[in-house]
Protein chains: 2
Amino acid sequence: MSQIFKQHISKFITVSDEEFEAIMTYFNAIQVSKKEILQEEGRSCRYQYFVLTGCLRKFLINEKGVEVTTEFALETWWMSDNRAFEFQTEALFSIQAVENSEILTIEAQSLEKLYRDFPIMERYFRFVYQRAFAAYQMRIKFLYTMSKEDYFFHFYDSYPKFVQRVPQYLLASFLGLTPEYLSELRRKNRS
Amino acid sequence: MSQIFKQHISKFITVSDEEFEAIMTYFNAIQVSKKEILQEEGRSCRYQYFVLTGCLRKFLINEKGVEVTTEFALETWWMSDNRAFEFQTEALFSIQAVENSEILTIEAQSLEKLYRDFPIMERYFRFVYQRAFAAYQMRIKFLYTMSKEDYFFHFYDSYPKFVQRVPQYLLASFLGLTPEYLSELRRKNRS
């Protein structure tokens with residue numbers, strides 16, 4: 001299973017098998033069940049999560065008490081409340097498994113030690129954040145320029161497998177739609 | 001002027017004066033006038049920009065032909081179309097000086113060479129992107145949970161000096177408001 005992580009690292013940096021084995025000792029592999037909460041809003045944010053298999057989502061509760069999903073993480077994606085993780089402040093987001101998932105976790109102290117012991121991992125995480133930031137820039141572009149309907153169709157065209165995979169009420173929340181309107185748009189798309 | 005950059009780097013990594021001087025040779029310092037375009041949508045994205053003094057904005061033209069400002073960069077902030085810069089594809093955003101500004105620029109090839117020659121700069125940029133990504137996560141949180149009115153008041157309370165500094169029609173665009181509604185909210189805020 002750790003091969004998934006090795007392959008991902010190898011997209012950005014070169015590490016030997018021995019180095020990779022040593023790097024793996026900074027992480028823990030856990031299995032989480034569908035709907036299991038990994039991080040709770042308001043609690044300290046101890047971990048970064050790397051999805052080996054499965055899917056996580058990040059969400060918060062809005063003023064009306066409704067859950068709003070702001071992010072998904074599929075295989076080879078990282079997820080955390082990054083601000084809370086860096087500054088060790090209380091989390092503003094919750095993280096939950098959408099499916100049964102296999103996850104690598106790393107604590108802030110271990111990650112800092114990893115950077116010190118294997119400075120090449122700075123380059124790996126520089127790429128991870130660089131791409132995550134660029135992806136968010138695109139998302140802001142879509143949110144600022146597309147109607148909800150256009151955003152829905154763009155999303156459906158870009159990630160057809162993902163759209164089939166996640167529960168529709170979570171997708172609706174992520175796209176800022178009611179589940180009813182999402183169903184209506186899906187019917188429209190098929191016709 | 002390069003001291004501003006040195007101070008920023010020193011928040012994250014330790015470099016000697018000699019190292020910093022060598023690092024500076026990878027950058028160019030330029031002066032840009034208010035309203036000058038640094039990056040044009042649809043053109044190749046050659047540079048990353050670091051603001052020493054002044055202010056930049058990132059914008060795009062929406063389907064109605066209206067400019068939409070999606071990001072500002074003040075002193076010590078980086079700005080680029082990060083996706084286009086990394087993959088050397090055409091830019092999806094334009095970048096313009098909001099004020100007369102002093103800017104450091106670096107080209108993709110120079111940056112890659114900088115990483116190779118000074119691997120400690122991977123750590124610096126890892127922090128830059130990590131924080132930029134975390135800031136965008138917060139922005140998504142606000143966009144997903146606040147009304148435009150609440151977002152306006154939150155923004156005004158959080159960045160009072162910035163709000164005074166930038167042209168109000170740009171701020172309105174950034175906050176997703178018409179200039180008229182922005183004026184109305186400002187009056188409301190004062191009363």
# chains A, B, ... in the order shown; residues from 1 in each chain; ligands from 1

$ residues_around --residues "Gln39 in chain A" --least-positions-apart "4" --cutoff "9 Å" --atoms "only C-alpha atoms" --output "list of chain:residue names"
A:Arg43, A:Ser44, A:Cys45, A:Arg46, A:Tyr47, A:Lys58, A:Ser80, A:Asp81, A:Ala91, A:Phe93, A:Ser94, A:Ile95, A:Gln96

$ interface_residues --of "chain B" --to "chain A" --cutoff "7 Å" --atoms "only C-alpha atoms" --output "list in words"
Asn62, Asn82, Arg83, Glu122, Arg123, Phe125, Arg126, Tyr129, Gln130, Ala132, Phe133, Ala134, Tyr136 and Thr145 of chain B

$ write_last_selection --atoms "N, CA, C and O atoms" --output "mmCIF file, in the first residue's frame"
data_model
loop_
_atom_site.group_PDB
_atom_site.id
_atom_site.type_symbol
_atom_site.label_atom_id
_atom_site.label_comp_id
_atom_site.auth_asym_id
_atom_site.auth_seq_id
_atom_site.Cartn_x
_atom_site.Cartn_y
_atom_site.Cartn_z
ATOM 1 N N ASN B 62 -14.612 38.261 -17.434
ATOM 2 C CA ASN B 62 -15.679 37.250 -17.448
ATOM 3 C C ASN B 62 -16.445 37.265 -18.777
ATOM 4 O O ASN B 62 -16.125 38.046 -19.678
ATOM 5 N N ASN B 82 -0.029 30.617 -10.977
ATOM 6 C CA ASN B 82 0.887 29.542 -10.555
ATOM 7 C C ASN B 82 0.823 28.300 -11.420
ATOM 8 O O ASN B 82 1.827 27.633 -11.649
ATOM 9 N N ARG B 83 -0.360 27.995 -11.893
ATOM 10 C CA ARG B 83 -0.507 26.818 -12.749
ATOM 11 C C ARG B 83 0.211 27.053 -14.088
ATOM 12 O O ARG B 83 0.991 26.228 -14.544
ATOM 13 N N GLU B 122 13.825 25.715 -1.176
ATOM 14 C CA GLU B 122 12.641 24.827 -1.251
ATOM 15 C C GLU B 122 11.806 25.017 0.013
ATOM 16 O O GLU B 122 10.580 25.046 -0.044
ATOM 17 N N ARG B 123 12.508 25.108 1.153
ATOM 18 C CA ARG B 123 11.801 25.293 2.422
ATOM 19 C C ARG B 123 11.090 26.647 2.453
ATOM 20 O O ARG B 123 9.933 26.731 2.864
ATOM 21 N N PHE B 125 9.985 28.442 -0.098
ATOM 22 C CA PHE B 125 8.808 28.435 -0.974
ATOM 23 C C PHE B 125 7.755 27.420 -0.511
ATOM 24 O O PHE B 125 6.572 27.598 -0.772
ATOM 25 N N ARG B 126 8.200 26.366 0.173
ATOM 26 C CA ARG B 126 7.216 25.445 0.765
ATOM 27 C C ARG B 126 6.333 26.230 1.732
ATOM 28 O O ARG B 126 5.100 26.104 1.726
ATOM 29 N N TYR B 129 3.921 28.708 -0.223
ATOM 30 C CA TYR B 129 2.748 28.055 -0.815
ATOM 31 C C TYR B 129 1.816 27.479 0.246
ATOM 32 O O TYR B 129 0.602 27.492 0.088
ATOM 33 N N GLN B 130 2.414 26.948 1.305
ATOM 34 C CA GLN B 130 1.622 26.385 2.402
ATOM 35 C C GLN B 130 0.690 27.450 2.974
ATOM 36 O O GLN B 130 -0.506 27.212 3.181
ATOM 37 N N ALA B 132 -0.135 30.340 1.510
ATOM 38 C CA ALA B 132 -1.049 30.827 0.467
ATOM 39 C C ALA B 132 -2.236 29.867 0.335
ATOM 40 O O ALA B 132 -3.387 30.290 0.227
ATOM 41 N N PHE B 133 -1.939 28.577 0.382
ATOM 42 C CA PHE B 133 -3.000 27.561 0.288
ATOM 43 C C PHE B 133 -3.935 27.654 1.497
ATOM 44 O O PHE B 133 -5.163 27.640 1.347
ATOM 45 N N ALA B 134 -3.352 27.802 2.681
ATOM 46 C CA ALA B 134 -4.173 27.907 3.897
ATOM 47 C C ALA B 134 -5.056 29.161 3.838
ATOM 48 O O ALA B 134 -6.222 29.121 4.237
ATOM 49 N N TYR B 136 -6.219 30.547 1.148
ATOM 50 C CA TYR B 136 -7.301 30.273 0.196
ATOM 51 C C TYR B 136 -8.358 29.353 0.818
ATOM 52 O O TYR B 136 -9.542 29.477 0.498
ATOM 53 N N THR B 145 -19.793 30.289 3.508
ATOM 54 C CA THR B 145 -20.625 30.388 4.715
ATOM 55 C C THR B 145 -21.154 31.793 4.983
ATOM 56 O O THR B 145 -22.070 31.957 5.778
#

$ residues_around --residues "range 18-32 of chain A" --least-positions-apart "4" --cutoff "12 Å" --atoms "only C-alpha atoms" --output "PyMOL selection string"
chain A and resi 1-10+13-14+36-38+47-56+95-121

$ write_last_selection --atoms "C-alpha atoms" --output "PDB file, in the first residue's frame"
ATOM      1  CA  MET A   1       0.000   0.000   0.000  1.00  0.00           C
ATOM      2  CA  SER A   2       2.926   2.311   0.745  1.00  0.00           C
ATOM      3  CA  GLN A   3       3.817   1.949  -2.948  1.00  0.00           C
ATOM      4  CA  ILE A   4       1.024   4.410  -3.714  1.00  0.00           C
ATOM      5  CA  PHE A   5       2.844   6.980  -1.607  1.00  0.00           C
ATOM      6  CA  LYS A   6       6.212   6.086  -3.105  1.00  0.00           C
ATOM      7  CA  GLN A   7       4.839   6.561  -6.613  1.00  0.00           C
ATOM      8  CA  HIS A   8       3.411   9.918  -5.650  1.00  0.00           C
ATOM      9  CA  ILE A   9       6.678  11.089  -4.115  1.00  0.00           C
ATOM     10  CA  SER A  10       8.551   9.853  -7.185  1.00  0.00           C
ATOM     11  CA  ILE A  13      11.673  13.827  -6.171  1.00  0.00           C
ATOM     12  CA  THR A  14      14.049  10.886  -6.339  1.00  0.00           C
ATOM     13  CA  GLU A  36     -15.653   8.082  10.565  1.00  0.00           C
ATOM     14  CA  ILE A  37     -14.579  11.541  11.783  1.00  0.00           C
ATOM     15  CA  LEU A  38     -10.815  12.098  11.658  1.00  0.00           C
ATOM     16  CA  TYR A  47      -2.472  15.413  11.618  1.00  0.00           C
ATOM     17  CA  GLN A  48      -2.030  15.741   7.919  1.00  0.00           C
ATOM     18  CA  TYR A  49      -3.746  12.970   5.979  1.00  0.00           C
ATOM     19  CA  PHE A  50      -2.619  11.358   2.735  1.00  0.00           C
ATOM     20  CA  VAL A  51      -5.248   9.222   1.019  1.00  0.00           C
ATOM     21  CA  LEU A  52      -3.886   5.850  -0.159  1.00  0.00           C
ATOM     22  CA  THR A  53      -7.328   4.499  -1.044  1.00  0.00           C
ATOM     23  CA  GLY A  54     -10.797   5.908  -0.489  1.00  0.00           C
ATOM     24  CA  CYS A  55     -12.014   9.457  -0.078  1.00  0.00           C
ATOM     25  CA  LEU A  56     -12.134  12.130   2.621  1.00  0.00           C
ATOM     26  CA  ILE A  95     -12.600  15.932   8.226  1.00  0.00           C
ATOM     27  CA  GLN A  96     -14.608  12.771   7.622  1.00  0.00           C
ATOM     28  CA  ALA A  97     -14.158   9.594   5.588  1.00  0.00           C
ATOM     29  CA  VAL A  98     -16.628   9.468   2.690  1.00  0.00           C
ATOM     30  CA  GLU A  99     -15.694   5.812   2.003  1.00  0.00           C
ATOM     31  CA  ASN A 100     -13.759   3.131   3.852  1.00  0.00           C
ATOM     32  CA  SER A 101     -10.258   4.502   3.373  1.00  0.00           C
ATOM     33  CA  GLU A 102      -6.600   3.752   3.930  1.00  0.00           C
ATOM     34  CA  ILE A 103      -4.772   6.813   5.116  1.00  0.00           C
ATOM     35  CA  LEU A 104      -1.256   7.861   6.011  1.00  0.00           C
ATOM     36  CA  THR A 105      -1.090  10.284   8.922  1.00  0.00           C
ATOM     37  CA  ILE A 106       1.763  12.450  10.099  1.00  0.00           C
ATOM     38  CA  GLU A 107       1.970  14.717  13.154  1.00  0.00           C
ATOM     39  CA  ALA A 108       3.375  18.250  13.065  1.00  0.00           C
ATOM     40  CA  GLN A 109       6.450  17.347  15.119  1.00  0.00           C
ATOM     41  CA  SER A 110       7.187  14.277  12.991  1.00  0.00           C
ATOM     42  CA  LEU A 111       6.790  16.310   9.820  1.00  0.00           C
ATOM     43  CA  GLU A 112       9.230  18.939  11.086  1.00  0.00           C
ATOM     44  CA  LYS A 113      11.680  16.153  11.967  1.00  0.00           C
ATOM     45  CA  LEU A 114      11.161  14.635   8.522  1.00  0.00           C
ATOM     46  CA  TYR A 115      12.039  17.969   6.877  1.00  0.00           C
ATOM     47  CA  ARG A 116      15.188  18.176   9.014  1.00  0.00           C
ATOM     48  CA  ASP A 117      16.305  14.602   8.391  1.00  0.00           C
ATOM     49  CA  PHE A 118      15.295  14.480   4.704  1.00  0.00           C
ATOM     50  CA  PRO A 119      15.448  18.024   3.299  1.00  0.00           C
ATOM     51  CA  ILE A 120      14.433  16.629  -0.111  1.00  0.00           C
ATOM     52  CA  MET A 121      10.936  16.287   1.380  1.00  0.00           C
TER      53      MET A 121
END

$ atom_distance --atom1 "CA of Arg165 in chain A" --atom2 "CA of Glu40 in chain A"
24.0 Å

$ residues_around --residues "range 156-163 of chain B" --least-positions-apart "4" --cutoff "10 Å" --atoms "only C-alpha atoms" --output "short mmCIF file (atom, residue, chain, number, x, y, z; two decimals) with all heavy atoms, in the first residue's frame"
data_model
loop_
_atom_site.label_atom_id
_atom_site.label_comp_id
_atom_site.auth_asym_id
_atom_site.auth_seq_id
_atom_site.Cartn_x
_atom_site.Cartn_y
_atom_site.Cartn_z
N PHE B 72 -5.31 40.18 -4.54
CA PHE B 72 -4.39 41.32 -4.42
C PHE B 72 -3.08 40.81 -3.81
O PHE B 72 -3.08 39.83 -3.08
CB PHE B 72 -4.97 42.38 -3.46
CG PHE B 72 -6.15 43.14 -4.01
CD1 PHE B 72 -7.44 42.80 -3.64
CD2 PHE B 72 -5.97 44.20 -4.88
CE1 PHE B 72 -8.55 43.50 -4.13
CE2 PHE B 72 -7.06 44.89 -5.39
CZ PHE B 72 -8.35 44.55 -5.01
N LEU B 74 0.04 42.58 -1.64
CA LEU B 74 0.69 43.74 -1.02
C LEU B 74 2.16 43.40 -0.75
O LEU B 74 2.63 42.34 -1.14
CB LEU B 74 0.00 44.06 0.32
CG LEU B 74 -1.43 44.57 0.22
CD1 LEU B 74 -2.05 44.63 1.60
CD2 LEU B 74 -1.43 45.96 -0.43
N ASP B 150 -21.98 39.99 5.03
CA ASP B 150 -21.14 39.56 6.15
C ASP B 150 -19.66 39.51 5.74
O ASP B 150 -18.77 39.85 6.51
CB ASP B 150 -21.56 38.16 6.64
CG ASP B 150 -22.87 38.20 7.40
OD1 ASP B 150 -23.27 39.31 7.82
OD2 ASP B 150 -23.49 37.13 7.56
N TYR B 151 -19.42 39.05 4.50
CA TYR B 151 -18.05 38.95 4.01
C TYR B 151 -17.44 40.35 3.93
O TYR B 151 -16.28 40.55 4.31
CB TYR B 151 -18.04 38.27 2.63
CG TYR B 151 -16.67 37.90 2.10
CD1 TYR B 151 -15.65 37.48 2.95
CD2 TYR B 151 -16.40 37.96 0.73
CE1 TYR B 151 -14.39 37.13 2.45
CE2 TYR B 151 -15.14 37.61 0.23
CZ TYR B 151 -14.14 37.21 1.09
OH TYR B 151 -12.91 36.87 0.60
N PHE B 152 -18.23 41.30 3.45
CA PHE B 152 -17.77 42.70 3.40
C PHE B 152 -17.35 43.18 4.79
O PHE B 152 -16.27 43.71 4.98
CB PHE B 152 -18.88 43.59 2.83
CG PHE B 152 -18.71 45.05 3.12
CD1 PHE B 152 -17.98 45.86 2.27
CD2 PHE B 152 -19.28 45.61 4.25
CE1 PHE B 152 -17.80 47.21 2.55
CE2 PHE B 152 -19.11 46.95 4.54
CZ PHE B 152 -18.37 47.75 3.69
N PRO B 167 -8.43 51.15 -4.72
CA PRO B 167 -9.62 51.74 -5.35
C PRO B 167 -10.87 50.92 -5.04
O PRO B 167 -10.83 49.69 -5.07
CB PRO B 167 -9.29 51.68 -6.85
CG PRO B 167 -7.80 51.65 -6.91
CD PRO B 167 -7.37 50.88 -5.69
N GLN B 168 -11.93 51.62 -4.73
CA GLN B 168 -13.14 50.95 -4.25
C GLN B 168 -13.80 50.06 -5.32
O GLN B 168 -14.40 49.06 -5.00
CB GLN B 168 -14.14 51.98 -3.70
CG GLN B 168 -13.60 52.73 -2.48
CD GLN B 168 -13.19 51.79 -1.35
OE1 GLN B 168 -14.03 51.14 -0.74
NE2 GLN B 168 -11.89 51.68 -1.06
N LEU B 171 -12.02 46.77 -5.13
CA LEU B 171 -12.43 46.05 -3.91
C LEU B 171 -13.83 45.46 -4.09
O LEU B 171 -14.08 44.31 -3.70
CB LEU B 171 -12.42 47.03 -2.74
CG LEU B 171 -12.50 46.43 -1.36
CD1 LEU B 171 -11.29 45.54 -1.08
CD2 LEU B 171 -12.58 47.53 -0.31
N ARG B 186 -20.58 50.60 3.09
CA ARG B 186 -19.63 51.44 3.82
C ARG B 186 -20.36 52.49 4.64
O ARG B 186 -19.97 52.80 5.77
CB ARG B 186 -18.65 52.12 2.87
CG ARG B 186 -17.69 51.15 2.24
CD ARG B 186 -16.57 51.88 1.54
NE ARG B 186 -15.64 52.43 2.51
CZ ARG B 186 -14.41 52.83 2.21
NH1 ARG B 186 -13.98 52.74 0.97
NH2 ARG B 186 -13.61 53.31 3.13
N ASN B 189 -21.77 50.89 7.63
CA ASN B 189 -20.72 50.58 8.58
C ASN B 189 -20.38 51.78 9.45
O ASN B 189 -20.07 51.64 10.63
CB ASN B 189 -19.45 50.12 7.81
CG ASN B 189 -18.51 49.33 8.71
OD1 ASN B 189 -18.94 48.76 9.70
ND2 ASN B 189 -17.25 49.33 8.34
#

$ select_by_dssp --residues "chain B" --states "helix (DSSP H, G or I)" --output "number ranges by chain"
B: 2-10, 17-24, 82-87, 108-117, 120-145, 148-158, 160-165, 168-175, 179-190

$ select_by_dssp --residues "range 10-54 of chain B" --states "strand (DSSP E)" --output "PyMOL selection string"
chain B and resi 28-32+37-39+47-53

$ atom_distance --atom1 "CA of Lys34 in chain A" --atom2 "CA of Ser183 in chain A"
23.5 Å

$ atom_distance --atom1 "CA of Glu90 in chain B" --atom2 "CA of Leu177 in chain B"
28.6 Å
